[in-house]
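Chemist: Sharing data_28.cif (mmCIF, C-alpha atoms and all ligand atoms) below.
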data_work
#
loop_
_atom_site.label_atom_id
_atom_site.label_comp_id
_atom_site.auth_asym_id
_atom_site.auth_seq_id
_atom_site.Cartn_x
_atom_site.Cartn_y
_atom_site.Cartn_z
CA MET H 1 0.00 0.00 0.00
CA ASP H 2 1.33 3.43 -0.93
CA LEU H 3 0.71 5.54 2.09
CA HIS H 4 2.20 8.73 0.59
CA MET H 5 3.78 9.38 3.93
CA SER H 6 6.83 11.48 4.51
CA GLU H 7 10.06 9.66 5.17
CA ASP H 8 10.04 11.07 8.68
CA PHE H 9 9.54 8.72 11.57
CA GLN H 10 6.00 9.05 12.94
CA ILE H 11 4.37 8.25 16.24
CA VAL H 12 0.72 7.28 16.58
CA ALA H 13 -0.88 7.20 20.04
CA ILE H 14 -4.05 5.14 20.46
CA ASP H 15 -5.91 5.39 23.76
CA GLY H 16 -9.29 4.19 24.94
CA GLY H 17 -11.14 2.06 27.45
CA ALA H 18 -11.06 -1.71 27.76
CA ALA H 19 -12.09 -3.61 24.62
CA SER H 20 -12.47 -0.39 22.64
CA GLY H 21 -10.36 -1.97 19.89
CA LYS H 22 -6.98 -0.36 20.64
CA SER H 23 -4.65 -3.32 20.23
CA SER H 24 -6.26 -4.77 17.11
CA THR H 25 -6.36 -1.34 15.48
CA ALA H 26 -2.75 -0.65 16.41
CA ARG H 27 -1.70 -4.05 15.07
CA GLY H 28 -3.46 -3.38 11.77
CA VAL H 29 -1.88 0.05 11.42
CA ALA H 30 1.54 -1.32 12.27
CA GLY H 31 1.25 -4.04 9.63
CA ALA H 32 0.05 -1.68 6.89
CA ALA H 33 2.45 1.18 7.60
CA HIS H 34 5.52 -0.82 8.68
CA PHE H 35 5.40 0.64 12.18
CA LEU H 36 6.41 -1.06 15.42
CA HIS H 37 3.42 -1.85 17.65
CA VAL H 38 3.70 -1.50 21.41
CA ASP H 39 0.79 -2.62 23.60
CA THR H 40 1.43 -0.82 26.89
CA GLY H 41 -1.39 -2.69 28.63
CA SER H 42 0.82 -5.77 28.34
CA HIS H 43 3.50 -3.93 30.36
CA TYR H 44 1.15 -3.28 33.28
CA ARG H 45 -0.18 -6.81 32.98
CA ALA H 46 3.33 -8.33 33.06
CA VAL H 47 4.30 -6.28 36.11
CA THR H 48 1.04 -7.24 37.83
CA LEU H 49 1.53 -10.94 37.07
CA ARG H 50 4.98 -10.84 38.59
CA ALA H 51 3.86 -8.80 41.59
CA LEU H 52 1.03 -11.25 42.32
CA GLY H 53 3.51 -14.11 41.97
CA GLU H 54 5.59 -12.48 44.70
CA GLY H 55 2.57 -12.11 46.95
CA LEU H 56 2.42 -8.31 46.68
CA ARG H 57 -0.72 -6.29 47.20
CA PRO H 58 -1.36 -3.11 45.20
CA VAL H 59 -0.19 -0.64 47.81
CA GLY H 60 2.76 1.73 47.81
CA GLY H 61 5.62 1.29 50.28
CA PRO H 62 9.00 -0.35 50.74
CA ALA H 63 7.93 -3.81 49.53
CA LEU H 64 6.66 -2.37 46.26
CA GLU H 65 9.74 -0.17 45.84
CA HIS H 66 12.00 -3.17 46.41
CA PHE H 67 10.03 -5.21 43.87
CA LEU H 68 10.15 -2.45 41.25
CA ALA H 69 13.88 -1.87 41.76
CA GLY H 70 14.45 -5.52 40.89
CA LEU H 71 12.67 -5.34 37.52
CA ARG H 72 14.68 -5.40 34.28
CA PHE H 73 12.83 -4.16 31.19
CA GLU H 74 14.03 -5.30 27.76
CA THR H 75 12.37 -5.59 24.37
CA GLU H 76 12.07 -8.54 22.05
CA VAL H 77 10.88 -7.53 18.57
CA ARG H 78 8.70 -10.22 16.97
CA GLY H 79 7.53 -9.17 13.52
CA ASN H 80 5.83 -5.79 14.01
CA CYS H 81 5.36 -6.32 17.70
CA ALA H 82 7.57 -5.17 20.56
CA CYS H 83 7.24 -7.67 23.39
CA LEU H 84 8.33 -6.77 26.89
CA ARG H 85 10.93 -9.17 28.28
CA LEU H 86 10.67 -8.76 32.03
CA ASN H 87 13.66 -10.08 33.94
CA GLY H 88 14.61 -12.21 30.96
CA VAL H 89 11.15 -13.65 30.27
CA VAL H 90 8.43 -12.68 27.79
CA PRO H 91 5.35 -13.64 29.81
CA ASP H 92 2.82 -15.96 28.26
CA ALA H 93 -0.10 -14.08 26.63
CA ALA H 94 -2.69 -16.24 28.43
CA ASP H 95 -1.02 -15.65 31.80
CA ILE H 96 -1.12 -11.86 31.53
CA ARG H 97 -4.81 -11.99 30.55
CA SER H 98 -5.83 -14.33 33.39
CA ASP H 99 -8.77 -13.50 35.66
CA ALA H 100 -6.37 -12.77 38.51
CA VAL H 101 -4.45 -10.23 36.43
CA ASN H 102 -7.65 -8.70 35.02
CA ALA H 103 -8.87 -8.19 38.58
CA ALA H 104 -5.67 -6.60 39.93
CA VAL H 105 -4.03 -4.77 37.03
CA SER H 106 -5.88 -1.45 37.37
CA ALA H 107 -5.02 -1.22 41.06
CA PHE H 108 -1.32 -1.78 40.35
CA ALA H 109 -1.41 0.56 37.35
CA ALA H 110 -2.84 3.33 39.54
CA LEU H 111 0.26 3.36 41.76
CA PRO H 112 2.57 6.27 40.84
CA ALA H 113 5.67 4.14 41.52
CA VAL H 114 4.50 1.50 39.04
CA ARG H 115 3.80 4.11 36.35
CA LYS H 116 7.20 5.69 36.92
CA ALA H 117 8.87 2.29 36.53
CA VAL H 118 7.42 1.73 33.04
CA ARG H 119 7.39 5.30 31.70
CA THR H 120 11.00 5.53 30.55
CA TYR H 121 10.87 2.05 29.06
CA GLN H 122 7.77 3.02 27.07
CA ARG H 123 9.29 6.25 25.76
CA ASP H 124 12.41 4.36 24.75
CA GLN H 125 10.31 2.28 22.35
CA ALA H 126 10.64 5.07 19.75
CA ALA H 127 14.38 4.42 19.66
CA VAL H 128 13.78 0.65 19.47
CA ALA H 129 11.53 1.19 16.45
CA ARG H 130 14.09 3.38 14.70
CA THR H 131 16.92 0.96 15.44
CA HIS H 132 14.92 -1.87 13.87
CA GLY H 133 14.21 0.15 10.72
CA PHE H 134 10.50 0.78 11.28
CA ARG H 135 8.91 3.87 9.72
CA GLY H 136 7.13 4.72 12.92
CA LEU H 137 5.72 3.60 16.21
CA VAL H 138 2.10 2.91 17.10
CA MET H 139 1.55 2.61 20.83
CA ASP H 140 -1.74 1.84 22.52
CA GLY H 141 -2.84 2.30 26.11
CA ARG H 142 -4.56 4.82 28.36
CA ASP H 143 -2.11 7.72 28.66
CA ILE H 144 -0.10 7.56 25.45
CA GLY H 145 -1.41 10.78 23.89
CA THR H 146 -1.56 12.63 27.22
CA VAL H 147 1.63 11.56 29.05
CA ILE H 148 3.94 9.19 27.19
CA PHE H 149 4.00 10.91 23.79
CA PRO H 150 2.15 14.23 24.15
CA ASP H 151 3.76 15.38 20.88
CA ALA H 152 2.70 12.29 18.90
CA ASP H 153 2.04 12.94 15.20
CA LEU H 154 -1.43 11.47 15.46
CA LYS H 155 -3.57 10.77 18.52
CA ILE H 156 -6.60 8.54 18.36
CA TYR H 157 -9.13 8.02 21.14
CA LEU H 158 -11.19 4.90 20.49
CA GLU H 159 -14.67 4.50 21.89
CA ALA H 160 -17.30 1.79 21.68
CA ASP H 161 -20.51 1.48 23.64
CA ALA H 162 -20.56 -0.62 26.79
CA SER H 163 -22.62 -3.48 25.36
CA THR H 164 -20.34 -3.78 22.30
CA ARG H 165 -17.25 -3.88 24.48
CA ALA H 166 -18.73 -6.47 26.84
CA ALA H 167 -19.77 -8.60 23.84
CA ARG H 168 -16.26 -8.40 22.38
CA ARG H 169 -14.72 -9.71 25.60
CA LYS H 170 -17.34 -12.45 25.83
CA ASP H 171 -16.58 -13.49 22.24
CA GLU H 172 -12.95 -13.81 23.26
CA GLY H 173 -14.01 -16.17 26.05
CA GLN H 174 -12.84 -13.80 28.75
CA THR H 175 -14.32 -13.01 32.12
CA ASP H 176 -13.26 -9.44 32.55
CA THR H 177 -14.66 -6.70 34.74
CA ILE H 178 -14.12 -4.02 32.15
CA ASP H 179 -16.47 -1.52 33.83
CA ASP H 180 -14.51 -1.74 37.07
CA ARG H 181 -11.21 -1.31 35.24
CA ASP H 182 -12.49 1.66 33.26
CA ARG H 183 -13.74 3.31 36.45
CA ILE H 184 -10.43 2.85 38.28
CA ASP H 185 -8.41 3.83 35.17
CA SER H 186 -10.46 7.00 34.58
CA THR H 187 -10.53 8.23 38.17
CA ARG H 188 -6.95 7.61 39.34
CA ALA H 189 -4.85 10.67 40.15
CA THR H 190 -1.82 9.76 38.03
CA ALA H 191 -2.13 9.53 34.25
CA PRO H 192 -5.85 8.68 34.13
CA LEU H 193 -7.53 7.30 31.04
CA ALA H 194 -8.45 10.44 29.11
CA ALA H 195 -8.60 11.73 25.56
CA ALA H 196 -5.91 14.29 24.75
CA PRO H 197 -7.52 17.58 23.64
CA ASP H 198 -6.05 17.10 20.14
CA ALA H 199 -7.03 13.42 19.82
CA VAL H 200 -9.33 12.30 17.03
CA ARG H 201 -12.22 10.40 18.61
CA ILE H 202 -13.47 7.36 16.73
CA ASP H 203 -16.54 5.51 17.95
CA ASN H 204 -16.10 2.08 16.41
CA SER H 205 -19.16 0.39 17.93
CA ASN H 206 -20.46 -0.21 14.42
CA ILE H 207 -17.29 -0.01 12.37
CA PRO H 208 -15.49 -3.24 11.51
CA LEU H 209 -11.84 -3.41 12.44
CA GLY H 210 -10.62 -2.98 8.85
CA GLY H 211 -12.60 0.25 8.55
CA VAL H 212 -11.03 1.71 11.68
CA VAL H 213 -7.53 0.79 10.52
CA GLU H 214 -8.20 2.45 7.15
CA GLU H 215 -9.44 5.58 8.90
CA VAL H 216 -6.31 5.81 11.06
CA LEU H 217 -4.12 5.33 7.99
CA ARG H 218 -6.08 8.05 6.20
CA LEU H 219 -5.59 10.44 9.14
CA LEU H 220 -1.92 9.57 9.21
CA ARG H 221 -1.57 10.42 5.53
CA GLN H 222 -3.44 13.66 6.10
CA GLY H 223 -1.40 14.67 9.12
CA ALA H 224 -4.66 15.40 10.93
CA SER H 225 -3.20 15.80 14.40
CA ALA H 226 -0.23 17.54 15.94
CA THR H 227 2.95 17.23 13.92
CA GLY H 228 6.57 16.82 14.83
CA ALA H 229 8.67 14.09 16.35
CA SER H 230 7.96 13.05 19.88
CA ARG H 231 9.90 15.02 22.39
CA ALA H 232 8.34 13.78 25.61
CA THR H 233 10.85 14.09 28.37
CA GLU H 234 9.12 15.18 31.54
CA PRO H 235 6.73 13.12 33.63
CA ARG H 236 3.35 14.76 34.18
O1 LIG N 301 -6.86 -4.92 26.53
P1 LIG N 301 -7.57 -4.11 27.58
O2 LIG N 301 -8.09 -2.81 27.04
O3 LIG N 301 -8.60 -4.87 28.33
O4 LIG N 301 -6.50 -3.73 28.69
P2 LIG N 301 -4.99 -3.43 28.50
O5 LIG N 301 -4.77 -2.42 27.44
O6 LIG N 301 -4.27 -4.71 28.40
O7 LIG N 301 -4.64 -2.73 29.89
C1 LIG N 301 -4.77 -3.41 31.13
C2 LIG N 301 -4.75 -2.38 32.23
O8 LIG N 301 -3.46 -1.76 32.27
C3 LIG N 301 -5.73 -1.23 32.08
O9 LIG N 301 -7.03 -1.55 32.58
C4 LIG N 301 -5.05 -0.14 32.91
O10 LIG N 301 -5.29 -0.31 34.29
C5 LIG N 301 -3.57 -0.41 32.67
N1 LIG N 301 -3.00 0.47 31.66
C6 LIG N 301 -2.65 1.74 32.05
O11 LIG N 301 -2.90 2.13 33.18
N2 LIG N 301 -2.01 2.56 31.18
C7 LIG N 301 -1.74 2.16 29.94
N3 LIG N 301 -1.10 2.99 29.12
C8 LIG N 301 -2.12 0.88 29.52
C9 LIG N 301 -2.78 0.05 30.39
O1 LIG N 302 -7.04 -3.48 23.02
P1 LIG N 302 -8.49 -3.35 23.39
O2 LIG N 302 -8.80 -4.02 24.68
O3 LIG N 302 -8.98 -1.93 23.36
O4 LIG N 302 -9.38 -4.09 22.30
P2 LIG N 302 -8.94 -5.25 21.28
O5 LIG N 302 -8.35 -6.36 22.06
O6 LIG N 302 -8.16 -4.66 20.17
O7 LIG N 302 -10.35 -5.64 20.67
C1 LIG N 302 -11.27 -6.43 21.39
C2 LIG N 302 -12.03 -7.29 20.39
O8 LIG N 302 -12.87 -6.43 19.61
C3 LIG N 302 -11.14 -8.04 19.42
O9 LIG N 302 -11.62 -9.36 19.30
C4 LIG N 302 -11.31 -7.29 18.12
O10 LIG N 302 -11.18 -8.10 16.97
C5 LIG N 302 -12.72 -6.74 18.24
N1 LIG N 302 -12.92 -5.50 17.47
C6 LIG N 302 -13.98 -5.40 16.61
O11 LIG N 302 -14.77 -6.35 16.50
N2 LIG N 302 -14.19 -4.25 15.89
C7 LIG N 302 -13.38 -3.21 16.01
N3 LIG N 302 -13.59 -2.10 15.31
C8 LIG N 302 -12.28 -3.29 16.90
C9 LIG N 302 -12.08 -4.46 17.63
#
Could you render the structure as structure tokens?
Ligand code: CDP
Ligand code: CDP
Modeler:
Amino acid sequence: MDLHMSEDFQIVAIDGGAASGKSSTARGVAGAAHFLHVDTGSHYRAVTLRALGEGLRPVGGPALEHFLAGLRFETEVRGNCACLRLNGVVPDAADIRSDAVNAAVSAFAALPAVRKAVRTYQRDQAAVARTHGFRGLVMDGRDIGTVIFPDADLKIYLEADASTRAARRKDEGQTDTIDDRDRIDSTRATAPLAAAPDAVRIDNSNIPLGGVVEEVLRLLRQGASATGASRATEPR
């Protein structure tokens, strides 16, 4: 596909609530545009899985600080996907989407110390993408357009109505309290789930995945959002 894009490296931020279609859209965009895809939810899930394995509860304090200080974040690039290797292991996809992780991840992700531990790693993914010869980076999560890459070239905020999102999770065979997660994610003090003021909102309740991917590619070609390379340096 000829995307008529500039040769400049581009960053696309995709945010939205649970099951709004972020990861599948980001994957589709990455494949079509030869971008690296980073699913930041998998980072919080991997940290949560490991924390639960060590018997930690989602509260700040010395035990959490000690745990976080012992984490080593590395990246394994598989095709268009950047997988987090945490302390030498890429966690199993089924393990990080288990009921236990679904139930605890938002509480861990709300802790400022946890967010601080992953923030630099996430911003460094732009350099990983460049090093591996990708034309850009597409990162999905909750705070990508607001905190991680506030100068992203294109910011998308995906929405879908509650019944559509619940049905999507059910179709995937998952028991997931997405309403609870969305409530905790939207109301936490640090980096809450929110649309950046310059994000393009797409309600995809009735748009098939391919249509959403095409729309994001069209916006990317158009340069519909803020322009310029990402220069995020300061935590917010
Ligand atoms: O796939 P789904 O939308 O269900 O969730 P996810 O993207 O895997 O994210 C799991 C959880 O990680 C979210 O419910 C948030 O609590 C947290 N998260 C976050 O706080 N910030 C991000 N940038 C990404 C995920
Ligand atoms: O990453 P997030 O939790 O936001 O959602 P996802 O895992 O990308 O999508 C959840 C499910 O919805 C997947 O099975 C997608 O194929 C499906 N989906 C869809 O049917 N239509 C869309 N426009 C987007 C996603």
Chemist: Between H:Val29, H:Ala100, H:Ile14, H:Val118, which has the minimum distance to Tyr44 (chain H) (counting all atoms listed in the file)?
Modeler: H:Val118
Chemist: Residues within 7 Å of ligand LIG 301 (chain N) should be enumerated using only C-alpha atoms and all ligand atoms and returned as a PyMOL selection string.
Modeler: chain H and resi 17-20+22-23+39-42+44-45+105-107+109-110+140-144+178+181-182+185
Chemist: Looking at only C-alpha atoms, which of H:Ala160, H:Met139, H:Ile96, H:Val128 is the one that sits closest to Glu74 (chain H)?
Modeler: H:Val128
Chemist: What residues have any atom no more than 9 Å from ligand LIG 302 (chain N) when counting only C-alpha atoms and all ligand atoms, and can you list them as a PDB file with C-alpha atoms, keeping the file's coordinate frame?
Modeler:
ATOM      1  CA  ASP H  15      -5.910   5.390  23.760  1.00  0.00           C
ATOM      2  CA  GLY H  16      -9.290   4.190  24.940  1.00  0.00           C
ATOM      3  CA  GLY H  17     -11.140   2.060  27.450  1.00  0.00           C
ATOM      4  CA  ALA H  18     -11.060  -1.710  27.760  1.00  0.00           C
ATOM      5  CA  ALA H  19     -12.090  -3.610  24.620  1.00  0.00           C
ATOM      6  CA  SER H  20     -12.470  -0.390  22.640  1.00  0.00           C
ATOM      7  CA  GLY H  21     -10.360  -1.970  19.890  1.00  0.00           C
ATOM      8  CA  LYS H  22      -6.980  -0.360  20.640  1.00  0.00           C
ATOM      9  CA  SER H  23      -4.650  -3.320  20.230  1.00  0.00           C
ATOM     10  CA  SER H  24      -6.260  -4.770  17.110  1.00  0.00           C
ATOM     11  CA  THR H  25      -6.360  -1.340  15.480  1.00  0.00           C
ATOM     12  CA  ALA H  26      -2.750  -0.650  16.410  1.00  0.00           C
ATOM     13  CA  ARG H  27      -1.700  -4.050  15.070  1.00  0.00           C
ATOM     14  CA  ASP H  39       0.790  -2.620  23.600  1.00  0.00           C
ATOM     15  CA  GLY H  41      -1.390  -2.690  28.630  1.00  0.00           C
ATOM     16  CA  ASP H 140      -1.740   1.840  22.520  1.00  0.00           C
ATOM     17  CA  GLY H 141      -2.840   2.300  26.110  1.00  0.00           C
ATOM     18  CA  LEU H 158     -11.190   4.900  20.490  1.00  0.00           C
ATOM     19  CA  GLU H 159     -14.670   4.500  21.890  1.00  0.00           C
ATOM     20  CA  ALA H 160     -17.300   1.790  21.680  1.00  0.00           C
ATOM     21  CA  THR H 164     -20.340  -3.780  22.300  1.00  0.00           C
ATOM     22  CA  ARG H 165     -17.250  -3.880  24.480  1.00  0.00           C
ATOM     23  CA  ALA H 167     -19.770  -8.600  23.840  1.00  0.00           C
ATOM     24  CA  ARG H 168     -16.260  -8.400  22.380  1.00  0.00           C
ATOM     25  CA  ARG H 169     -14.720  -9.710  25.600  1.00  0.00           C
ATOM     26  CA  ASP H 171     -16.580 -13.490  22.240  1.00  0.00           C
ATOM     27  CA  GLU H 172     -12.950 -13.810  23.260  1.00  0.00           C
ATOM     28  CA  ASP H 203     -16.540   5.510  17.950  1.00  0.00           C
ATOM     29  CA  ASN H 204     -16.100   2.080  16.410  1.00  0.00           C
ATOM     30  CA  SER H 205     -19.160   0.390  17.930  1.00  0.00           C
ATOM     31  CA  ASN H 206     -20.460  -0.210  14.420  1.00  0.00           C
ATOM     32  CA  ILE H 207     -17.290  -0.010  12.370  1.00  0.00           C
ATOM     33  CA  PRO H 208     -15.490  -3.240  11.510  1.00  0.00           C
ATOM     34  CA  LEU H 209     -11.840  -3.410  12.440  1.00  0.00           C
ATOM     35  CA  GLY H 210     -10.620  -2.980   8.850  1.00  0.00           C
ATOM     36  CA  GLY H 211     -12.600   0.250   8.550  1.00  0.00           C
ATOM     37  CA  VAL H 212     -11.030   1.710  11.680  1.00  0.00           C
ATOM     38  CA  VAL H 213      -7.530   0.790  10.520  1.00  0.00           C
TER      39      VAL H 213
END
Chemist: Which residue gives the smallest distance to Leu49 (chain H) among H:Ala32, H:Ala93, H:Ala194, H:Ala82, with all atoms listed in the file counted?
Modeler: H:Ala93
Chemist: Could you state the separation of CA of Arg201 (chain H) and CA of Ile184 (chain H) in Å, given to one decimal place?
Modeler: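 The value is 21.1 Å.
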Chemist: From the options H:Gly136, H:Gly88, H:Pro112, H:Gly79, which residue's atoms come nearest to Phe35 (chain H), counting all atoms listed in the file?
Modeler: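 Residue with the minimum atom-to-atom distance to Phe35 (chain H): H:Gly136.
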Chemist: Do you have the CA of Arg218 (chain H)-CA of Gln125 (chain H) distance handy?
Modeler: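 A separation of 23.7 Å between them.
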Chemist: Which is closest to Asn80 (chain H) among H:Ala166, H:Phe134, H:Ala127, H:Gly223, if we use only C-alpha atoms?
Modeler: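 Ranking H:Ala166, H:Phe134, H:Ala127, H:Gly223 by distance to Asn80 (chain H), first place goes to H:Phe134.
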Chemist: Just how far from CA of Val147 (chain H) is CA of Pro192 (chain H), in Å to one decimal?
Modeler: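 Distance reported for this atom pair: 9.5 Å.
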Chemist: Would you please work out which residue, of H:Phe9, H:Ala103, H:Arg97, H:Gly61, is nearest to Asp180 (chain H) when using all atoms listed in the file?
Modeler: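 Distance minimum relative to Asp180 (chain H) lands on H:Ala103.
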Chemist: What would the list of residues within 9 Å of (5.3, -4.3, 44.8) (file frame) look like as a list in words, if all atoms listed in the file are what count?
Modeler: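 Protein, DNA and RNA residues close to (5.3, -4.3, 44.8): Val47, Thr48, Ala51, Leu52, Glu54, Gly55, Leu56, Arg57, Pro58, Val59, Gly60, Gly61, Pro62, Ala63, Leu64, Glu65, His66, Phe67, Leu68, Phe108 and Val114 of chain H.
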